[in-house]
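What follows is a set of notes on a single structure, which appears directly below.
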Amino acid sequence: MDTGYQTLVLNRLWQPVNVVGIERAFSLLSLDHAQVIFAEDESFRVFSSSSWFEFCRDVNSVKGARIIHTVNQSVIVPSVLLLRGYDRILLQEMKFNRQNLLERDDFRCQYCGKTFSPKELNMDHVLPRDRGGGTSWENVVTSCIRCNSRKSNRLPREAGMRLLKEPKRPARRPFVSSLYGKPVEKTWEHFLQAKR
């Protein structure tokens, strides 16, 4: 059944909380945990699962619809679902990777404090790896090439350097922030812009 379609899920306060695949979307709908939000002509219509399947009986009238074919009928894959009973925001841990590290450290060298382009910054292990330092939020910072060379394979204090701030794991963030800057479906834009 997986066609690669994705559905934006909103909590009952109309805030984006998740993106799910087609199977999960239809499961939420058929269990009556969610309603379909259908965008048409700058307005929105909300459908229960039964009214959605009834609406889909005339799928040819919906231009550019994402359609799947079931045994009984063709059905439009909902682009946006509204949860009936969930009003929280889903938070997720920020994965440790170079891009998230650059964002945490504001694209600044954590030794000299200057801002650099991503290609001019390195990932520096505060406690060097050969001394048992791990690759983690609490031990890695961004540093410019010059400061990284100066620190070399030493602790900052051994190199006569100081960190701007102690490296820490970033706070969890709303999952939907991971969608910002990426291409998204046109029907999602209204809900995502409201959060920016």
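Simple scheme: letters A, B, ... for chains in structure tokens order, numbers from 1 for residues in each chain, numbers from 1 for ligands in the order shown.
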Requested in this report: Mind checking which residues fall within 7 Å of Val126 in chain A, counting only C-alpha atoms, ignoring those fewer than 5 positions away in the same chain, and posting them as an NGL selection string?
Outcome: :A and (139-140 or 155-156)
Report task. Excluding range 93-102 of chain A and any residue of its chain fewer than 5 positions from it, enumerate the residues within 10 Å of it, using only C-alpha atoms, and give them as a ChimeraX atom specification. Result -> /A:107-109,116-118,121-123,135-137,140-143,167,169-175,178
Which parts of chain A does DSSP call alpha helix (DSSP H) when run on the backbone here, written out as a CSV table (one decimal) with C-alpha atoms, in the first residue's frame?
```csv
chain,number,residue,atom,x,y,z
A,22,ILE,CA,-0.4,6.5,4.2
A,23,GLU,CA,-1.1,3.4,6.3
A,24,ARG,CA,-0.9,5.3,9.6
A,25,ALA,CA,-3.1,8.1,8.1
A,26,PHE,CA,-5.8,5.7,7.1
A,27,SER,CA,-5.6,3.9,10.4
A,28,LEU,CA,-6.1,7.1,12.4
A,29,LEU,CA,-9.0,8.0,10.1
A,30,SER,CA,-10.7,4.6,10.2
A,49,SER,CA,-14.0,9.2,8.1
A,50,SER,CA,-17.5,8.2,6.8
A,51,SER,CA,-18.1,11.6,5.2
A,52,TRP,CA,-14.6,11.5,3.7
A,53,PHE,CA,-15.2,8.2,2.0
A,54,GLU,CA,-18.5,9.5,0.7
A,55,PHE,CA,-16.8,12.6,-0.6
A,98,ARG,CA,27.3,18.1,12.1
A,99,GLN,CA,24.4,20.3,11.0
A,100,ASN,CA,22.7,20.3,14.3
A,101,LEU,CA,26.0,21.0,16.1
A,102,LEU,CA,26.6,24.0,13.8
A,103,GLU,CA,23.1,25.2,14.7
A,104,ARG,CA,23.6,24.7,18.4
A,145,ILE,CA,40.5,25.7,11.5
A,146,ARG,CA,43.0,28.1,13.1
A,147,CYS,CA,41.8,27.4,16.7
A,148,ASN,CA,41.4,23.7,16.0
A,149,SER,CA,45.1,23.6,14.9
A,150,ARG,CA,46.2,25.6,17.9
A,151,LYS,CA,44.4,23.4,20.4
A,186,LYS,CA,1.3,23.2,-0.6
A,187,THR,CA,-1.6,22.2,1.6
A,188,TRP,CA,0.8,22.0,4.6
A,189,GLU,CA,2.2,25.5,4.2
A,190,HIS,CA,-0.7,27.3,6.0
A,191,PHE,CA,-0.2,25.1,9.1
A,192,LEU,CA,3.6,25.3,9.1
A,193,GLN,CA,3.7,29.0,8.6
```
Query raised in the report: Could you pull out the strand (DSSP E or B) residues of range 85-162 of chain A from DSSP and send them as a VMD selection string?
Result: chain A and resid 91 to 92 108 115 121 to 125 140 to 144
Print the selection's residues with N, CA and C atoms to a file, as a compact mmCIF listing (two decimals), in the first residue's frame.
```txt
# COMPACT_ATOMS: atom_id res chain seq x y z
N LEU A 91 7.57 16.54 20.99
CA LEU A 91 8.96 17.00 21.00
C LEU A 91 9.87 15.82 20.70
N GLN A 92 10.98 16.11 20.06
CA GLN A 92 11.92 15.04 19.78
C GLN A 92 13.33 15.49 20.10
N ARG A 108 29.53 29.48 15.16
CA ARG A 108 30.64 30.24 15.75
C ARG A 108 31.69 29.29 16.28
N THR A 115 32.16 34.12 13.80
CA THR A 115 31.19 33.37 13.00
C THR A 115 31.85 32.99 11.67
N LEU A 121 34.33 25.50 9.48
CA LEU A 121 34.26 25.04 10.86
C LEU A 121 34.51 23.54 10.96
N ASN A 122 35.19 23.15 12.02
CA ASN A 122 35.46 21.75 12.32
C ASN A 122 34.66 21.32 13.55
N MET A 123 34.58 20.03 13.73
CA MET A 123 34.01 19.47 14.95
C MET A 123 35.20 19.13 15.84
N ASP A 124 35.31 19.80 16.98
CA ASP A 124 36.45 19.59 17.88
C ASP A 124 36.03 18.83 19.12
N HIS A 125 36.78 17.79 19.46
CA HIS A 125 36.55 17.04 20.70
C HIS A 125 37.26 17.79 21.82
N VAL A 140 31.76 17.73 22.12
CA VAL A 140 32.14 18.23 20.81
C VAL A 140 31.61 19.64 20.63
N VAL A 141 32.47 20.51 20.08
CA VAL A 141 32.09 21.90 19.78
C VAL A 141 32.56 22.24 18.37
N THR A 142 32.04 23.34 17.85
CA THR A 142 32.55 23.82 16.55
C THR A 142 33.74 24.71 16.80
N SER A 143 34.73 24.58 15.93
CA SER A 143 35.91 25.44 16.03
C SER A 143 36.41 25.76 14.63
N CYS A 144 37.00 26.95 14.51
CA CYS A 144 37.58 27.32 13.22
C CYS A 144 38.87 26.52 13.02
```
**Report entry** Test item: residues at most 8 Å from Leu81 in chain A, only C-alpha atoms, excluding those fewer than 3 positions along its chain, as a list of chain:residue names
**Finding:** A:Thr7, A:Leu8, A:Val9, A:Leu10, A:Ala25, A:Ala34, A:Gln35, A:Val36, A:Ile37, A:Pro78
Requested in this report: Give the answer as one residue: which of A:Arg66, A:His33, A:Lys168, A:Arg162 has the shortest atom-to-atom distance to Ser48 in chain A, using only C-alpha atoms?
Outcome: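 Of all the options, A:His33 lies closest to Ser48 in chain A.
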Query raised in the report: In Å to one decimal, how far is CA of Ser79 in chain A from CA of Ala65 in chain A?
Result: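 Rounded to one decimal, the two atoms are 9.3 Å apart.
Residues within 8 Å of Arg154 in chain A, counting only C-alpha atoms and excluding same-chain residues fewer than 4 positions away, are Leu127, Pro128, Glu158 and Ala159 of chain A.
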Can you spit out the residues from that selection as a PDB file, in the first residue's frame, using C-alpha atoms?
```
ATOM      1  CA  LEU A 127      38.551  15.959  25.574  1.00  0.00           C
ATOM      2  CA  PRO A 128      40.502  14.400  22.681  1.00  0.00           C
ATOM      3  CA  GLU A 158      46.588  22.940  28.172  1.00  0.00           C
ATOM      4  CA  ALA A 159      46.507  25.010  24.977  1.00  0.00           C
TER       5      ALA A 159
END
```
Report task. Between A:Tyr5, A:Ile76, A:Asn18, A:Arg129, single out the one closest to Ser152 in chain A, counting only C-alpha atoms. Result ->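 For Ser152 in chain A, the nearest of the given residues is A:Arg129.
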Query - 9 Å contact set for Ala39 in chain A, only C-alpha atoms, chain neighbours under 3 positions out, as a VMD selection string - result: chain A and resid 42 to 46 79 to 80 187
**Report entry** Separation of CA of Glu185 in chain A from CA of Val71 in chain A in Å
**Finding:**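 These atoms are spaced 27.4 Å apart.
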Report summary line: re CA of Asn11 in chain A and CA of Ile67 in chain A: distance 24.3 Å
